[in-house]
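Trainee: Structure file query_26.csv (CSV, C-alpha atoms and all ligand atoms) right here:
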chain,number,residue,atom,x,y,z
L,25,MET,CA,0.0,0.0,0.0
L,26,LYS,CA,1.2,3.5,-0.8
L,27,ALA,CA,1.0,6.5,1.7
L,28,PRO,CA,-2.6,7.8,2.0
L,29,ILE,CA,-3.8,10.7,0.0
L,30,ARG,CA,-6.4,13.2,1.3
L,31,VAL,CA,-9.5,13.9,-0.7
L,32,ALA,CA,-12.0,16.6,0.4
L,33,VAL,CA,-15.6,16.6,-0.8
L,34,THR,CA,-17.8,19.7,0.1
L,35,GLY,CA,-21.5,19.1,0.3
L,36,ALA,CA,-20.7,15.5,1.2
L,37,ALA,CA,-24.2,14.8,2.6
L,38,GLY,CA,-26.0,16.2,-0.4
L,39,GLN,CA,-27.2,14.0,-3.2
L,40,ILE,CA,-24.1,14.3,-5.4
L,41,GLY,CA,-21.9,14.0,-2.4
L,42,TYR,CA,-23.6,10.9,-1.3
L,43,ALA,CA,-23.2,9.3,-4.7
L,44,THR,CA,-19.5,10.3,-4.8
L,45,VAL,CA,-17.9,9.5,-1.4
L,46,PHE,CA,-18.4,5.7,-1.4
L,47,ARG,CA,-16.8,5.4,-4.8
L,48,LEU,CA,-13.9,7.5,-3.7
L,49,ALA,CA,-13.5,5.2,-0.7
L,50,SER,CA,-13.8,2.0,-2.7
L,51,GLY,CA,-10.5,2.3,-4.5
L,52,GLU,CA,-12.2,2.7,-7.9
L,53,VAL,CA,-10.7,6.1,-8.7
L,54,PHE,CA,-7.2,6.0,-7.2
L,55,GLY,CA,-6.6,2.3,-7.4
L,56,PRO,CA,-6.7,-0.7,-5.0
L,57,ASP,CA,-3.2,0.1,-3.6
L,58,GLN,CA,-3.9,3.8,-2.8
L,59,PRO,CA,-5.4,4.4,0.6
L,60,VAL,CA,-7.6,7.5,0.8
L,61,ILE,CA,-8.5,9.7,3.8
L,62,LEU,CA,-11.8,11.4,3.1
L,63,HIS,CA,-12.4,15.0,4.3
L,64,LEU,CA,-16.1,15.4,4.3
L,65,VAL,CA,-17.3,19.0,4.5
L,66,GLU,CA,-20.8,20.3,5.2
L,67,LEU,CA,-22.8,23.2,6.4
L,68,PRO,CA,-23.1,23.2,10.3
L,69,GLN,CA,-26.8,22.2,10.0
L,70,ALA,CA,-26.0,19.2,7.9
L,71,MET,CA,-23.3,17.7,10.2
L,72,GLY,CA,-25.9,15.3,11.7
L,73,ALA,CA,-26.6,13.9,8.2
L,74,LEU,CA,-22.9,13.7,7.6
L,75,ASP,CA,-22.5,11.5,10.7
L,76,GLY,CA,-24.9,9.1,9.0
L,77,VAL,CA,-22.8,9.1,5.8
L,78,HIS,CA,-19.7,8.4,8.0
L,79,MET,CA,-21.5,5.4,9.6
L,80,GLU,CA,-22.3,4.0,6.2
L,81,LEU,CA,-18.7,4.4,5.1
L,82,ASP,CA,-17.6,2.5,8.1
L,83,ASP,CA,-20.2,-0.2,7.3
L,84,CYS,CA,-18.7,-0.7,3.8
L,85,ALA,CA,-15.4,-1.8,5.4
L,86,PHE,CA,-13.4,-0.5,2.3
L,87,PRO,CA,-9.8,-1.6,2.7
L,88,THR,CA,-8.7,1.5,0.9
L,89,LEU,CA,-10.5,3.9,3.3
L,90,ALA,CA,-7.7,5.0,5.6
L,91,GLY,CA,-9.7,7.6,7.6
L,92,VAL,CA,-12.6,10.1,7.7
L,93,VAL,CA,-12.3,13.7,8.7
L,94,LYS,CA,-15.6,15.6,9.2
L,95,GLU,CA,-15.5,19.4,9.2
L,96,SER,CA,-18.2,22.1,9.0
L,97,SER,CA,-17.9,24.8,6.4
L,98,ASP,CA,-17.1,27.2,9.3
L,99,ASN,CA,-13.6,25.6,9.5
L,100,LEU,CA,-12.5,25.4,5.9
L,101,GLU,CA,-8.8,25.6,6.7
L,102,LYS,CA,-9.1,22.5,8.9
L,103,ALA,CA,-11.4,20.9,6.3
L,104,PHE,CA,-8.8,21.2,3.5
L,105,ALA,CA,-5.7,20.7,5.6
L,106,ASP,CA,-3.1,18.8,3.5
L,107,CYS,CA,-5.7,17.7,0.9
L,108,ASN,CA,-4.4,16.5,-2.5
L,109,TRP,CA,-7.8,16.8,-4.1
L,110,VAL,CA,-10.7,19.0,-3.3
L,111,LEU,CA,-14.1,18.3,-5.0
L,112,CYS,CA,-16.2,21.4,-4.5
L,113,VAL,CA,-19.8,20.1,-4.7
L,114,GLY,CA,-21.4,22.0,-1.9
L,115,SER,CA,-23.4,25.1,-3.0
L,116,VAL,CA,-26.9,26.3,-3.2
L,117,PRO,CA,-28.9,24.7,-6.1
L,118,ARG,CA,-30.9,27.0,-8.4
L,119,LYS,CA,-34.4,27.5,-7.2
L,120,ALA,CA,-37.5,28.2,-9.2
L,121,GLY,CA,-37.6,31.8,-10.5
L,122,MET,CA,-33.9,32.3,-9.9
L,123,GLU,CA,-31.9,33.8,-12.7
L,124,ARG,CA,-28.4,32.6,-13.5
L,125,GLY,CA,-27.1,36.0,-12.4
L,126,ASP,CA,-28.7,35.5,-9.0
L,127,LEU,CA,-27.1,32.1,-8.5
L,128,VAL,CA,-23.7,33.6,-9.3
L,129,ARG,CA,-24.2,36.1,-6.6
L,130,VAL,CA,-25.5,33.5,-4.0
L,131,ASN,CA,-22.8,30.9,-4.6
L,132,GLY,CA,-19.9,33.2,-5.5
L,133,PRO,CA,-19.0,34.1,-1.9
L,134,ILE,CA,-18.8,30.4,-0.9
L,135,PHE,CA,-15.9,30.2,-3.4
L,136,THR,CA,-13.9,33.2,-2.1
L,137,SER,CA,-13.6,31.5,1.3
L,138,THR,CA,-13.0,28.1,-0.4
L,139,GLY,CA,-10.2,29.5,-2.5
L,140,LYS,CA,-8.5,31.3,0.5
L,141,ALA,CA,-8.7,28.1,2.6
L,142,ILE,CA,-7.3,25.9,-0.2
L,143,ASP,CA,-4.5,28.5,-0.7
L,144,SER,CA,-3.4,28.4,2.9
L,145,ALA,CA,-4.1,24.8,4.0
L,146,ALA,CA,-4.1,22.3,1.2
L,147,ALA,CA,-1.2,20.1,0.0
L,148,LYS,CA,1.3,21.6,-2.4
L,149,ASP,CA,0.1,19.4,-5.2
L,150,VAL,CA,-3.6,20.1,-4.6
L,151,ARG,CA,-6.0,19.8,-7.6
L,152,VAL,CA,-9.5,21.2,-7.4
L,153,VAL,CA,-12.6,20.1,-9.3
L,154,VAL,CA,-15.6,22.5,-9.0
L,155,VAL,CA,-19.0,20.9,-9.5
L,156,GLY,CA,-21.3,23.4,-7.7
L,157,ASN,CA,-22.9,25.8,-10.2
L,158,PRO,CA,-22.3,28.0,-11.9
L,159,CYS,CA,-19.2,25.9,-11.9
L,160,ASN,CA,-16.9,27.7,-14.4
L,161,THR,CA,-17.3,31.1,-12.6
L,162,ASN,CA,-17.2,29.5,-9.1
L,163,CYS,CA,-13.9,27.9,-10.1
L,164,LEU,CA,-12.7,31.3,-11.4
L,165,ILE,CA,-13.5,32.9,-8.0
L,166,ALA,CA,-11.8,30.2,-6.0
L,167,MET,CA,-8.7,30.2,-8.3
L,168,GLU,CA,-8.4,34.0,-8.1
L,169,ASN,CA,-8.6,33.8,-4.3
L,170,ALA,CA,-5.8,31.2,-4.1
L,171,PRO,CA,-2.8,32.9,-5.7
L,172,SER,CA,-0.2,30.3,-4.5
L,173,VAL,CA,-1.9,27.4,-6.2
L,174,PRO,CA,-0.8,27.1,-9.9
L,175,ARG,CA,-3.6,27.8,-12.4
L,176,ASP,CA,-3.3,24.4,-14.1
L,177,ARG,CA,-4.7,22.7,-10.9
L,178,TRP,CA,-8.2,24.2,-11.3
L,179,PHE,CA,-11.0,22.4,-13.1
L,180,ALA,CA,-14.7,23.0,-13.5
L,181,MET,CA,-16.9,20.1,-14.5
L,182,THR,CA,-18.1,19.7,-18.1
L,183,ARG,CA,-17.7,16.0,-18.1
L,184,LEU,CA,-21.4,15.3,-17.5
L,185,ASP,CA,-22.1,17.2,-20.7
L,186,GLN,CA,-19.4,15.1,-22.5
L,187,ASN,CA,-20.9,11.9,-21.3
L,188,ARG,CA,-24.4,13.0,-22.1
L,189,ALA,CA,-23.3,14.0,-25.7
L,190,ALA,CA,-21.5,10.7,-26.2
L,191,SER,CA,-24.6,8.8,-25.2
L,192,GLN,CA,-26.9,10.7,-27.5
L,193,LEU,CA,-24.5,10.2,-30.5
L,194,ALA,CA,-24.2,6.5,-29.7
L,195,GLN,CA,-28.0,6.0,-29.6
L,196,LYS,CA,-28.6,8.0,-32.8
L,197,ALA,CA,-25.9,5.9,-34.6
L,198,GLY,CA,-27.1,2.6,-33.1
L,199,ARG,CA,-23.5,2.0,-31.8
L,200,PRO,CA,-22.2,1.2,-28.3
L,201,VAL,CA,-21.3,4.3,-26.3
L,202,GLY,CA,-17.7,3.1,-26.1
L,203,SER,CA,-17.3,3.6,-29.8
L,204,VAL,CA,-17.8,7.3,-29.5
L,205,LYS,CA,-14.6,9.3,-28.9
L,206,ASN,CA,-13.3,12.9,-28.8
L,207,VAL,CA,-16.5,14.6,-27.7
L,208,ALA,CA,-15.4,18.1,-26.7
L,209,ILE,CA,-17.5,20.5,-24.7
L,210,TRP,CA,-16.6,24.1,-25.3
L,211,GLY,CA,-17.3,27.0,-22.9
L,212,ASN,CA,-19.7,27.2,-20.1
L,213,HIS,CA,-21.5,24.3,-18.2
L,214,SER,CA,-24.8,25.9,-19.1
L,215,ALA,CA,-27.4,26.0,-21.9
L,216,THR,CA,-24.8,27.9,-24.1
L,217,GLN,CA,-22.2,25.1,-24.0
L,218,TYR,CA,-21.1,23.8,-27.4
L,219,PRO,CA,-21.0,20.0,-27.7
L,220,ASP,CA,-18.6,19.7,-30.6
L,221,PHE,CA,-19.9,16.8,-32.8
L,222,TYR,CA,-17.7,18.0,-35.7
L,223,GLN,CA,-14.6,16.8,-33.9
L,224,ALA,CA,-16.2,13.7,-32.4
L,225,ARG,CA,-15.7,10.2,-33.9
L,226,ILE,CA,-17.7,7.0,-33.9
L,227,ASP,CA,-15.7,3.8,-34.6
L,228,GLY,CA,-12.8,6.1,-35.7
L,229,LYS,CA,-14.9,7.9,-38.3
L,230,PRO,CA,-16.1,11.5,-38.2
L,231,VAL,CA,-19.6,11.7,-36.7
L,232,THR,CA,-20.8,13.5,-39.7
L,233,ASP,CA,-19.9,10.5,-41.9
L,234,VAL,CA,-21.8,8.1,-39.6
L,235,ILE,CA,-24.8,10.4,-38.8
L,236,SER,CA,-25.9,12.1,-42.0
L,237,ASP,CA,-28.8,14.0,-40.4
L,238,GLN,CA,-27.0,17.4,-40.1
L,239,ALA,CA,-30.2,19.1,-39.0
L,240,TRP,CA,-30.4,16.7,-36.0
L,241,LEU,CA,-26.8,17.3,-35.1
L,242,GLN,CA,-27.0,21.1,-35.3
L,243,GLY,CA,-30.4,21.3,-33.7
L,244,GLU,CA,-31.9,18.5,-31.5
L,245,PHE,CA,-28.7,16.9,-30.5
L,246,ILE,CA,-27.1,20.1,-29.1
L,247,GLU,CA,-30.4,21.2,-27.5
L,248,THR,CA,-30.8,17.8,-25.8
L,249,VAL,CA,-27.4,18.0,-24.3
L,250,GLN,CA,-27.8,21.6,-23.3
L,251,LYS,CA,-31.1,21.0,-21.6
L,252,ARG,CA,-30.6,17.5,-20.3
L,253,GLY,CA,-30.3,18.7,-16.7
L,254,ALA,CA,-33.8,20.2,-16.9
L,255,ALA,CA,-35.2,17.1,-18.5
L,256,VAL,CA,-33.8,14.9,-15.6
L,257,ILE,CA,-35.4,17.3,-13.1
L,258,LYS,CA,-38.7,17.1,-14.9
L,259,ALA,CA,-38.7,13.3,-15.0
L,260,ARG,CA,-37.1,12.5,-11.6
L,261,GLY,CA,-38.3,15.4,-9.6
L,262,ALA,CA,-34.7,16.0,-8.5
L,263,SER,CA,-31.6,17.1,-10.3
L,264,SER,CA,-28.9,14.8,-11.8
L,265,ALA,CA,-27.0,13.1,-8.9
L,266,ALA,CA,-25.6,9.7,-9.8
L,267,SER,CA,-24.6,10.8,-13.3
L,268,ALA,CA,-23.1,14.1,-11.9
L,269,ALA,CA,-21.1,12.1,-9.3
L,270,ASN,CA,-20.0,9.7,-12.0
L,271,ALA,CA,-18.8,12.6,-14.1
L,272,ALA,CA,-16.9,14.1,-11.3
L,273,LEU,CA,-15.1,10.8,-10.7
L,274,ASP,CA,-14.5,10.4,-14.5
L,275,THR,CA,-12.9,13.9,-14.5
L,276,VAL,CA,-10.4,12.8,-11.8
L,277,LYS,CA,-9.7,9.5,-13.4
L,278,SER,CA,-9.1,11.1,-16.8
L,279,LEU,CA,-6.6,13.6,-15.3
L,280,ILE,CA,-4.6,11.0,-13.5
L,281,ARG,CA,-4.4,8.6,-16.4
L,282,PRO,CA,-3.0,9.2,-19.9
L,283,THR,CA,-5.7,10.1,-22.5
L,284,ASP,CA,-6.1,7.4,-25.2
L,285,MET,CA,-4.9,8.4,-28.7
L,286,GLY,CA,-7.6,10.1,-30.6
L,287,ASP,CA,-9.7,10.9,-27.5
L,288,CYS,CA,-10.0,13.9,-25.3
L,289,VAL,CA,-11.1,14.9,-21.8
L,290,SER,CA,-13.6,17.7,-21.6
L,291,VAL,CA,-12.9,20.0,-18.6
L,292,ALA,CA,-13.1,23.7,-18.0
L,293,VAL,CA,-9.7,25.1,-17.2
L,294,CYS,CA,-8.0,28.5,-16.9
L,295,SER,CA,-7.6,29.7,-20.4
L,296,ASP,CA,-4.2,30.7,-21.7
L,297,GLY,CA,-5.8,32.5,-24.6
L,298,SER,CA,-6.3,29.4,-26.8
L,299,TYR,CA,-9.0,29.6,-29.4
L,300,GLY,CA,-9.4,33.4,-28.8
L,301,VAL,CA,-10.8,33.0,-25.3
L,302,ASP,CA,-9.8,35.7,-22.7
L,303,ASP,CA,-6.7,34.8,-20.8
L,304,GLY,CA,-7.7,33.7,-17.2
L,305,LEU,CA,-11.3,32.8,-18.0
L,306,VAL,CA,-12.4,29.3,-16.9
L,307,PHE,CA,-13.5,27.8,-20.2
L,308,GLY,CA,-14.4,24.3,-21.3
L,309,TYR,CA,-11.9,22.8,-23.7
L,310,PRO,CA,-10.8,19.4,-24.9
L,311,LEU,CA,-7.7,18.4,-23.0
L,312,VAL,CA,-5.1,15.7,-23.4
L,313,SER,CA,-3.5,14.3,-20.2
L,314,ASP,CA,-0.3,12.4,-19.7
L,315,GLY,CA,-1.5,11.3,-16.3
L,316,THR,CA,0.2,14.2,-14.5
L,317,ASN,CA,0.1,17.2,-16.8
L,318,TRP,CA,-2.5,18.2,-19.3
L,319,LYS,CA,-2.6,20.5,-22.3
L,320,ILE,CA,-5.4,22.0,-24.4
L,321,ASP,CA,-5.9,20.1,-27.6
L,322,GLN,CA,-4.5,22.6,-30.2
L,323,GLY,CA,-4.9,23.0,-33.9
L,324,ILE,CA,-8.7,22.3,-34.2
L,325,GLU,CA,-10.1,24.2,-37.2
L,326,HIS,CA,-13.6,25.4,-36.4
L,327,ASN,CA,-16.2,26.1,-39.1
L,328,ASP,CA,-18.5,29.1,-38.9
L,329,PHE,CA,-21.2,27.1,-37.1
L,330,ALA,CA,-18.8,26.2,-34.3
L,331,LYS,CA,-17.2,29.7,-34.2
L,332,GLN,CA,-20.7,31.2,-33.6
L,333,LYS,CA,-21.5,28.7,-30.8
L,334,ILE,CA,-18.2,29.3,-29.1
L,335,ALA,CA,-18.6,33.0,-29.3
L,336,ALA,CA,-22.0,32.8,-27.6
L,337,THR,CA,-20.8,30.7,-24.7
L,338,LEU,CA,-17.6,32.9,-24.4
L,339,GLN,CA,-19.8,36.0,-24.1
L,340,GLU,CA,-21.9,34.4,-21.3
L,341,LEU,CA,-18.8,33.6,-19.3
L,342,ARG,CA,-17.5,37.2,-19.7
L,343,ASP,CA,-20.9,38.4,-18.4
L,344,GLU,CA,-20.7,36.0,-15.4
L,345,ARG,CA,-17.1,37.2,-14.7
L,346,ASP,CA,-18.3,40.8,-14.8
L,347,ALA,CA,-21.1,40.0,-12.4
L,348,VAL,CA,-18.6,38.8,-9.7
L,349,LYS,CA,-15.8,41.4,-10.3
L,350,ASP,CA,-16.0,42.4,-6.6
L,351,LEU,CA,-15.2,38.8,-5.6
L,352,LEU,CA,-12.0,38.7,-7.7
L,353,PRO,CA,-9.1,40.2,-5.9
L,401,LIG,P1,-27.8,19.1,-2.7
L,401,LIG,O1,-28.6,20.3,-2.3
L,401,LIG,O2,-28.4,17.7,-2.7
L,401,LIG,O3,-26.5,19.1,-1.9
L,401,LIG,C1,-25.7,20.2,-1.7
L,401,LIG,C2,-25.0,20.0,-0.4
L,401,LIG,O4,-24.1,21.1,-0.2
L,401,LIG,C3,-26.0,20.1,0.8
L,401,LIG,O5,-25.9,19.0,1.6
L,401,LIG,C4,-25.6,21.4,1.5
L,401,LIG,O6,-25.8,21.3,2.9
L,401,LIG,C5,-24.2,21.5,1.1
L,401,LIG,N1,-23.6,22.9,1.1
L,401,LIG,C6,-24.3,24.0,0.7
L,401,LIG,N2,-23.4,25.1,0.9
L,401,LIG,C7,-22.3,24.6,1.4
L,401,LIG,C8,-21.0,25.1,1.7
L,401,LIG,N3,-20.8,26.5,1.7
L,401,LIG,N4,-20.1,24.3,2.2
L,401,LIG,C9,-20.2,23.0,2.3
L,401,LIG,N5,-21.4,22.4,1.9
L,401,LIG,C10,-22.4,23.2,1.5
L,401,LIG,O7,-27.3,19.5,-4.2
L,401,LIG,P2,-26.6,18.5,-5.3
L,401,LIG,O8,-27.7,17.9,-6.1
L,401,LIG,O9,-25.7,17.5,-4.6
L,401,LIG,O10,-25.8,19.5,-6.2
L,401,LIG,C11,-24.7,20.2,-5.7
L,401,LIG,C12,-24.2,21.2,-6.8
L,401,LIG,O11,-23.9,20.5,-8.0
L,401,LIG,C13,-25.3,22.2,-7.2
L,401,LIG,O12,-24.7,23.5,-7.2
L,401,LIG,C14,-25.7,21.8,-8.6
L,401,LIG,O13,-26.2,22.9,-9.3
L,401,LIG,C15,-24.4,21.3,-9.1
L,401,LIG,N6,-24.5,20.4,-10.3
L,401,LIG,C16,-23.4,20.6,-11.2
L,401,LIG,C17,-23.4,19.8,-12.3
L,401,LIG,C18,-22.2,20.0,-13.3
L,401,LIG,O14,-22.3,19.3,-14.3
L,401,LIG,N7,-21.2,20.8,-13.1
L,401,LIG,C19,-24.4,18.8,-12.7
L,401,LIG,C20,-25.2,18.4,-11.5
L,401,LIG,C21,-25.5,19.5,-10.5
L,401,LIG,O15,-26.6,20.2,-11.0
Would you give me this structure, written as structure tokens?
Mentor:
Amino acid sequence: MKAPIRVAVTGAAGQIGYATVFRLASGEVFGPDQPVILHLVELPQAMGALDGVHMELDDCAFPTLAGVVKESSDNLEKAFADCNWVLCVGSVPRKAGMERGDLVRVNGPIFTSTGKAIDSAAAKDVRVVVVGNPCNTNCLIAMENAPSVPRDRWFAMTRLDQNRAASQLAQKAGRPVGSVKNVAIWGNHSATQYPDFYQARIDGKPVTDVISDQAWLQGEFIETVQKRGAAVIKARGASSAASAANAALDTVKSLIRPTDMGDCVSVAVCSDGSYGVDDGLVFGYPLVSDGTNWKIDQGIEHNDFAKQKIAATLQELRDERDAVKDLLP
């Protein structure tokens, strides 16, 4: 067995948290020889529910679970002490009648304190995945409040969108989902995101060679992916939880393992100006990982359709950034 690593999950008693922590403890993500100490973080009023999650973790008797630390969000420095990974799930979900701009203002302040605490208390190699919405801008706020943590350690989750898109393409083509590769999600995790079917492949062939229905690809496909979260809420009466947890874990797995040739990992990261995006904005790109470091997949030629979609999601992210300017030091 290796030395344990520490993995923090905020909002650990919430529905995504509950679907995440058992899989982190089981060895599925970091491997059967990598012990994990879980740092479970919740609001003070949810600490009782968190005790229940802890009991259930004990009752799973996972050999890879080397310890559990529980902290309230009032003690974030203790919560993130020496953590190698921080999964920021905890935040206030959007309520009926709430505009996107309102949500940024409600959740933004959570991420200033999160960034500051990560900056002062986490391990030197910390990597942070932000799930709580609006995740791109929350990630930007945390990153800007953590100046000592390198910018390539910050990620906002667009993997659920990637997985949703792959699944839709597979079903339309009548092929197994494993045959779909290189599905890039550009921009914001929101209804403006651009799921890039032009770059995606099915059985190694361009999607547009396999699915000839361009109108479906440019219309219904994109809309289905963009609005899938709302469709799940309508059907289930609750927002995506197991699939969101799965996507968060997929994100971590993809970053700690080399990316297969011809495939990509969709994650929002701090832009270096690639593809005309403002430097410093947290923007969804296709990445390629070597298991330790990653880079943005370069050299993709976008057609006018793609350029227009990317411009729209870029503008939305600029507007979100402008709405939280006071939270960015
Ligand atoms: P829940 O309301 O079930 O759970 C959230 C948990 O976070 C609660 O237990 C709450 O007590 C806790 N919490 C709230 N503020 C906190 C804080 N400051 N510190 C620590 N814990 C805090 O929501 P859930 O369904 O788990 O969703 C969590 C977040 O994920 C929401 O913001 C949601 O919008 C976002 N999502 C993001 C997705 C993505 O693809 N990026 C998809 C799924 C999901 O909608």
Trainee: Restricting the calculation to only C-alpha atoms: of L:Asp57, L:Leu89, L:Glu95, L:Ser298, which residue gets closest to Gln69 in chain L?
Mentor: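 Checking each candidate against Gln69 in chain L, we get L:Glu95 as the closest.
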Trainee: Enumerate as a PDB file with C-alpha atoms, in the frame of the given file the residues within 7 Å of ligand LIG 401 (chain L), counting all atoms listed in the file.
Mentor:
ATOM      1  CA  THR L  34     -17.800  19.700   0.100  1.00  0.00           C
ATOM      2  CA  GLY L  35     -21.500  19.100   0.300  1.00  0.00           C
ATOM      3  CA  ALA L  36     -20.700  15.500   1.200  1.00  0.00           C
ATOM      4  CA  ALA L  37     -24.200  14.800   2.600  1.00  0.00           C
ATOM      5  CA  GLY L  38     -26.000  16.200  -0.400  1.00  0.00           C
ATOM      6  CA  GLN L  39     -27.200  14.000  -3.200  1.00  0.00           C
ATOM      7  CA  ILE L  40     -24.100  14.300  -5.400  1.00  0.00           C
ATOM      8  CA  GLY L  41     -21.900  14.000  -2.400  1.00  0.00           C
ATOM      9  CA  VAL L  65     -17.300  19.000   4.500  1.00  0.00           C
ATOM     10  CA  GLU L  66     -20.800  20.300   5.200  1.00  0.00           C
ATOM     11  CA  LEU L  67     -22.800  23.200   6.400  1.00  0.00           C
ATOM     12  CA  ALA L  70     -26.000  19.200   7.900  1.00  0.00           C
ATOM     13  CA  SER L  97     -17.900  24.800   6.400  1.00  0.00           C
ATOM     14  CA  VAL L 113     -19.800  20.100  -4.700  1.00  0.00           C
ATOM     15  CA  GLY L 114     -21.400  22.000  -1.900  1.00  0.00           C
ATOM     16  CA  SER L 115     -23.400  25.100  -3.000  1.00  0.00           C
ATOM     17  CA  VAL L 116     -26.900  26.300  -3.200  1.00  0.00           C
ATOM     18  CA  PRO L 117     -28.900  24.700  -6.100  1.00  0.00           C
ATOM     19  CA  ARG L 118     -30.900  27.000  -8.400  1.00  0.00           C
ATOM     20  CA  ILE L 134     -18.800  30.400  -0.900  1.00  0.00           C
ATOM     21  CA  VAL L 155     -19.000  20.900  -9.500  1.00  0.00           C
ATOM     22  CA  GLY L 156     -21.300  23.400  -7.700  1.00  0.00           C
ATOM     23  CA  ASN L 157     -22.900  25.800 -10.200  1.00  0.00           C
ATOM     24  CA  PRO L 158     -22.300  28.000 -11.900  1.00  0.00           C
ATOM     25  CA  CYS L 159     -19.200  25.900 -11.900  1.00  0.00           C
ATOM     26  CA  ALA L 180     -14.700  23.000 -13.500  1.00  0.00           C
ATOM     27  CA  MET L 181     -16.900  20.100 -14.500  1.00  0.00           C
ATOM     28  CA  THR L 182     -18.100  19.700 -18.100  1.00  0.00           C
ATOM     29  CA  ARG L 183     -17.700  16.000 -18.100  1.00  0.00           C
ATOM     30  CA  LEU L 184     -21.400  15.300 -17.500  1.00  0.00           C
ATOM     31  CA  ASP L 185     -22.100  17.200 -20.700  1.00  0.00           C
ATOM     32  CA  HIS L 213     -21.500  24.300 -18.200  1.00  0.00           C
ATOM     33  CA  GLY L 253     -30.300  18.700 -16.700  1.00  0.00           C
ATOM     34  CA  SER L 263     -31.600  17.100 -10.300  1.00  0.00           C
ATOM     35  CA  SER L 264     -28.900  14.800 -11.800  1.00  0.00           C
ATOM     36  CA  ALA L 265     -27.000  13.100  -8.900  1.00  0.00           C
ATOM     37  CA  ALA L 268     -23.100  14.100 -11.900  1.00  0.00           C
TER      38      ALA L 268
END
Trainee: Just how far from CA of Lys205 in chain L is CA of Pro56 in chain L, in Å to one decimal?
Mentor: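 Rounded to one decimal, the two atoms are 27.1 Å apart.
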Trainee: Using all atoms listed in the file, which of L:Thr138, L:Gln195, L:Asn270, L:Asn187 sits nearest Ala170 in chain L?
Mentor: L:Thr138
Trainee: Which of these residues is nearest to Val92 in chain L, using all atoms listed in the file: L:Ser295, L:Glu244, L:Lys277, L:Pro28?
Mentor: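 So, comparing all the options, the nearest one is L:Pro28.
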Trainee: For a test of reading the model, state the distance in Å between CA of Phe104 in chain L and CA of Phe46 in chain L, rounded to one decimal.
Mentor: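 So the two atoms, CA of Phe104 in chain L and CA of Phe46 in chain L, lie 18.9 Å apart.
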Trainee: If you measure from CA of Leu352 in chain L to CA of Leu311 in chain L, what distance in Å do you get, rounded to one decimal?
Mentor: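 Separation of CA of Leu352 in chain L and CA of Leu311 in chain L: 25.8 Å.
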Trainee: Given all atoms listed in the file as the basis, pick out the residue of L:Val301, L:Gly286, L:Ala255, L:Asn212 nearest to Gly228 in chain L.
Mentor: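 Ranked by minimum distance to Gly228 in chain L, first place goes to L:Gly286.
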Trainee: Can you list, as number ranges by chain, every protein, DNA or RNA residue that comes within 12 Å of Ala145 in chain L when you count all atoms listed in the file, leaving out same-chain residues fewer than 4 positions away?
Mentor: L: 32, 99-110, 137-141, 149-150, 170, 172-173
Trainee: Identify, on the basis of only C-alpha atoms, every residue whose closest approach to Lys251 in chain L does not exceed 9 Å; exclude the query and any residue fewer than 4 positions from it along the same chain; express the result as a PyMOL selection string.
Mentor: chain L and resi 214-215+246-247+255-256
Trainee: Taking into account all atoms listed in the file, which residue in the set L:Val154, L:Ala90, L:Val312, L:Leu74 is nearest to Thr283 in chain L?
Mentor: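 With all atoms listed in the file as the atom set, the closest residue is L:Val312.
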Trainee: Find the residues around Phe245 in chain L up to 12 Å (all atoms listed in the file counted), leave out those fewer than 2 positions away in its own chain, and share them as a list in words.
Mentor: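 In the requested format, the answer is Asp185, Arg188, Ala189, Ala190, Ser191, Gln192, Leu193, Ala194, Gln195, Lys196, Tyr218, Pro219, Asp220, Phe221, Ile235, Asp237, Gln238, Ala239, Trp240, Leu241, Gln242, Gly243, Glu247, Thr248, Val249, Gln250, Lys251 and Arg252 of chain L.
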Trainee: I'd like to know which of L:Lys349, L:Arg129, L:Arg225, L:Lys26 is closest to Ser203 in chain L, using all atoms listed in the file.
Mentor: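 Closest candidate: L:Arg225.
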Trainee: How would you write as a PyMOL selection string the residues that get within 12 Å of (-10.0, 10.5, -34.1) in the file's frame, counting all atoms listed in the file?
Mentor: chain L and resi 203-208+221-231+284-288+324
